[in-house]
Structures are given as structure tokens and as C-alpha cells.
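Scroll down for the structure; my scribbles are underneath it.
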Amino acid sequence: IAAALGQQETTPHPEPSERLKAAWQVLENWSVPTTWGGTRACYSPSQDAISMPAVEAFTSRENCAATWAHEQAHSTGHKARLNRKFGSGRGAVYAREELVAELASVLICYRLQIGYQLEQHAAYLNSWAKHLKESGPKELFKVLSDARKAADLIAPEPEATEPEA
């Protein structure tokens with residue numbers, strides 16, 4: 001990609017297993033506790049805790065990491081962090097939070113250089129986006145901004161390095 005943009009790559013890309021190991025370390029370093037072995041992935045704002053099924057319940061460790069990143073993104077909305085409204089049920093506030101978490105998950109996976117199923121993310125985003133159509137483009141930009149802020153807390157964008165001369 002860098003070559004297509006006319007840029008030199010400054011660091012070699014690690015092997016997929018090394019990237020996944022490094023990504024897992026970043027996710028493990030998130031301050032919100034995760035309990036493993038539940039029946040579904042979810043974040044509880046009242047407990048400020050994440051529940052996840054066992055890793056083996058996922059089709060791959062990458063899919064597990066993407067789901068974990070999604071739940072961690074929800075946790076960034078806690079009043080002690082970015083203070084987003086969570087909503088309940090299937091209303092616009094809830095839909096907005098789902099969009100923020102899913103977009104943040106895509107950003108986190110991209111930054112951590114781990115595989116993700118873009119089609120799956122797109123289908124999930126599409127299912128919630130229809131709830132926000134009445135809100136207009138300004139709301140979309142707010143959602144994108146909130147997703148980036150969430151991703152920045154969990155997996156900050158790497159510092160840009162200057163190419164060697």
C-alpha cells in the first residue's frame with residue numbers, strides 16, 4: 001500500500017502469528033476487566049466489565065479479537081472515560097453506540113494489523129445505520145469522531161516515522 005501511495009515502508013511487517021500475539025497483548029492491557037467463558041460478548045456499564053465467550057467459541061482468534069475490541073470500544077463510553085450515552089433496546093441512542101463500537105473495532109483491528117472480516121463488519125454496520133438516517137450527515141461525523149476517540153484509547157495510532165534518506 002505504501003508503495004502505491006509513493007511512500008517508502010519504514011518497518012517490516014511482522015508475521016501474522018506475531019501480529020496476533022502483539023494485538024492480543026494490546027487488548028489484554030486495556031484497563032476494563034474481562035471475564036471469559038460467558039454465553040455472549042457484552043459490556044456492562046453498571047459493572048464496568050466485559051464478558052466474553054471462551055476463545056474456542058470463535059471461528060478464529062482474529063474474530064475473537066475483533067469482538068473483544070468491539071466490547072472494549074463500548075467500555076470507552078463509560079462516564080469515567082469518554083462519557084457516551086448507551087441507550088437501551090433498539091432505539092437511535094443504542095444504534096449510535098453500536099455504530100461507534102463497530103467502527104472503533106475496525107480501526108483497532110486495522111491498527112493492530114490483524115485480520116478482520118470486512119463484509120461481516122459492513123453487514124453489522126448496515127443493520128444499525130438505518131436507525132440514524134433521520135439524523136443526517138452531521139451525526140455520522142460525530143459517530144466517526146467518537147469511534148476514533150474510542151480506538152485511540154485502546155490502540156493509539158502508531159507514531160509516523162520519517163523514511164530514511
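Every chain in the C-alpha cells has a letter given in the order shown (A, B, ...), and although residue numbers restart at 1 in each chain, ligands are simply numbered from 1 in the order shown.
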
Counting only C-alpha atoms, what is within 9 Å of A:Ala147, bar same-chain residues fewer than 5 positions away, as a VMD selection string?
-> chain A and resid 73 99 to 105 107 142 152

Filtering to N, CA and C atoms, could you give me those residues as a JSON list (two decimals), in the first residue's frame?
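File produced: selection.json:
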```json
[["chain", "number", "residue", "atom", "x", "y", "z"],
["A", 73, "ALA", "N", -14.46, -1.17, 22.96],
["A", 73, "ALA", "CA", -14.87, 0.14, 22.45],
["A", 73, "ALA", "C", -16.13, 0.63, 23.19],
["A", 99, "LEU", "N", -22.84, 1.56, 16.37],
["A", 99, "LEU", "CA", -22.03, 2.05, 15.25],
["A", 99, "LEU", "C", -20.65, 2.50, 15.73],
["A", 100, "VAL", "N", -20.61, 3.24, 16.83],
["A", 100, "VAL", "CA", -19.33, 3.70, 17.37],
["A", 100, "VAL", "C", -18.45, 2.50, 17.70],
["A", 101, "ALA", "N", -18.99, 1.53, 18.40],
["A", 101, "ALA", "CA", -18.20, 0.36, 18.82],
["A", 101, "ALA", "C", -17.71, -0.45, 17.63],
["A", 102, "GLU", "N", -18.56, -0.63, 16.63],
["A", 102, "GLU", "CA", -18.15, -1.44, 15.48],
["A", 102, "GLU", "C", -17.11, -0.71, 14.64],
["A", 103, "LEU", "N", -17.30, 0.58, 14.42],
["A", 103, "LEU", "CA", -16.29, 1.34, 13.66],
["A", 103, "LEU", "C", -14.97, 1.38, 14.42],
["A", 104, "ALA", "N", -15.02, 1.54, 15.73],
["A", 104, "ALA", "CA", -13.80, 1.53, 16.53],
["A", 104, "ALA", "C", -13.11, 0.17, 16.43],
["A", 105, "SER", "N", -13.88, -0.90, 16.43],
["A", 105, "SER", "CA", -13.32, -2.24, 16.31],
["A", 105, "SER", "C", -12.57, -2.40, 14.98],
["A", 107, "LEU", "N", -11.19, 0.01, 13.23],
["A", 107, "LEU", "CA", -9.96, 0.81, 13.36],
["A", 107, "LEU", "C", -8.91, 0.10, 14.21],
["A", 142, "LYS", "N", -20.08, 12.83, 13.82],
["A", 142, "LYS", "CA", -19.93, 12.69, 15.27],
["A", 142, "LYS", "C", -19.66, 11.23, 15.64],
["A", 152, "ASP", "N", -8.49, 5.30, 19.77],
["A", 152, "ASP", "CA", -7.27, 5.94, 20.28],
["A", 152, "ASP", "C", -6.98, 5.56, 21.73]]
```

Extract the full set of alpha helix (DSSP H) residues from stretch 40-71 of chain A according to DSSP on the backbone, and format it as a PyMOL selection string.
-> chain A and resi 61-71

Would you mind exporting the chosen residues as an mmCIF file, in the first residue's frame, restricted to N, CA and C atoms?
```cif
data_model
loop_
_atom_site.group_PDB
_atom_site.id
_atom_site.type_symbol
_atom_site.label_atom_id
_atom_site.label_comp_id
_atom_site.auth_asym_id
_atom_site.auth_seq_id
_atom_site.Cartn_x
_atom_site.Cartn_y
_atom_site.Cartn_z
ATOM 1 N N ARG A 61 -8.957 -16.791 16.293
ATOM 2 C CA ARG A 61 -8.517 -15.843 17.314
ATOM 3 C C ARG A 61 -8.676 -14.398 16.823
ATOM 4 N N GLU A 62 -8.570 -14.190 15.499
ATOM 5 C CA GLU A 62 -8.781 -12.861 14.938
ATOM 6 C C GLU A 62 -10.217 -12.409 15.147
ATOM 7 N N ASN A 63 -11.189 -13.314 14.904
ATOM 8 C CA ASN A 63 -12.590 -12.965 15.119
ATOM 9 C C ASN A 63 -12.862 -12.692 16.596
ATOM 10 N N CYS A 64 -12.228 -13.452 17.455
ATOM 11 C CA CYS A 64 -12.367 -13.217 18.886
ATOM 12 C C CYS A 64 -11.808 -11.841 19.242
ATOM 13 N N ALA A 65 -10.644 -11.520 18.714
ATOM 14 C CA ALA A 65 -10.018 -10.225 18.997
ATOM 15 C C ALA A 65 -10.884 -9.073 18.490
ATOM 16 N N ALA A 66 -11.488 -9.225 17.319
ATOM 17 C CA ALA A 66 -12.353 -8.176 16.774
ATOM 18 C C ALA A 66 -13.583 -7.975 17.659
ATOM 19 N N THR A 67 -14.150 -9.058 18.134
ATOM 20 C CA THR A 67 -15.307 -8.959 19.028
ATOM 21 C C THR A 67 -14.902 -8.345 20.361
ATOM 22 N N TRP A 68 -13.762 -8.747 20.866
ATOM 23 C CA TRP A 68 -13.255 -8.187 22.127
ATOM 24 C C TRP A 68 -12.990 -6.690 21.977
ATOM 25 N N ALA A 69 -12.429 -6.302 20.833
ATOM 26 C CA ALA A 69 -12.187 -4.875 20.563
ATOM 27 C C ALA A 69 -13.514 -4.113 20.517
ATOM 28 N N HIS A 70 -14.543 -4.720 19.958
ATOM 29 C CA HIS A 70 -15.872 -4.098 19.910
ATOM 30 C C HIS A 70 -16.386 -3.842 21.331
ATOM 31 N N GLU A 71 -16.275 -4.842 22.190
ATOM 32 C CA GLU A 71 -16.750 -4.684 23.569
ATOM 33 C C GLU A 71 -15.880 -3.682 24.336
#
```

Which residue, A:Gly115, A:Gly89, A:Pro45, A:Val106, has the smallest gap to A:Ser60 when you use only C-alpha atoms?
->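 For A:Ser60, the nearest of the given residues is A:Gly115.
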
Computed interatomic separation between atom CA of A:Ala150 and atom CA of A:Thr59 (Å) |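 About the pair atom CA of A:Ala150 and atom CA of A:Thr59: they are 25.4 Å apart.
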
Name all residues at most 8 Å from A:Arg19 (count only C-alpha atoms; drop same-chain ones fewer than 6 positions away) and give them as a ChimeraX atom specification.
-> /A:112-114

Next, the residues of the selection above should be written as a CSV table (one decimal), in the first residue's frame with all heavy atoms.
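The resulting file, selection_14.csv, is shown below:
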```csv
chain,number,residue,atom,x,y,z
A,112,LEU,N,-3.8,-2.7,14.6
A,112,LEU,CA,-3.1,-3.8,15.2
A,112,LEU,C,-2.6,-4.8,14.1
A,112,LEU,O,-2.0,-5.8,14.4
A,112,LEU,CB,-3.9,-4.5,16.3
A,112,LEU,CG,-4.3,-3.7,17.5
A,112,LEU,CD1,-5.2,-4.5,18.4
A,112,LEU,CD2,-3.0,-3.2,18.2
A,113,GLN,N,-3.0,-4.6,12.9
A,113,GLN,CA,-2.7,-5.4,11.7
A,113,GLN,C,-3.1,-6.8,11.9
A,113,GLN,O,-2.4,-7.7,11.6
A,113,GLN,CB,-1.1,-5.3,11.5
A,113,GLN,CG,-0.6,-3.9,11.2
A,113,GLN,CD,0.9,-3.9,11.1
A,113,GLN,OE1,1.5,-4.9,10.8
A,113,GLN,NE2,1.5,-2.7,11.2
A,114,ILE,N,-4.3,-7.0,12.3
A,114,ILE,CA,-4.9,-8.3,12.4
A,114,ILE,C,-6.0,-8.4,11.5
A,114,ILE,O,-6.7,-7.5,11.1
A,114,ILE,CB,-5.3,-8.7,13.9
A,114,ILE,CG1,-6.3,-7.8,14.4
A,114,ILE,CG2,-4.0,-8.8,14.7
A,114,ILE,CD1,-6.9,-8.2,15.8
```

Report the distance between atom CA of A:Gly87 and atom CA of A:Thr34 in Å, rounded to one decimal place.
->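 Taking atom CA of A:Gly87 and atom CA of A:Thr34, their separation equals 21.7 Å.
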
Go through stretch 27-138 of chain A and collect every residue that DSSP, computed from the backbone, puts in strand (DSSP E); the answer should be as a list in words.
->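 Matching residues for strand (DSSP E) in stretch 27-138 of chain A are Thr34, Thr35, Trp36, Cys42, Tyr43, Ser44, Ala49, Ile50, Ser51 and Met52 of chain A.
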
Have a look at A:Pro156, A:Gly91, A:Pro53, A:Gly136 and name the one nearest to A:Trp36; count only C-alpha atoms.
->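 Once distances to A:Trp36 are computed over only C-alpha atoms, the minimum belongs to A:Pro53.
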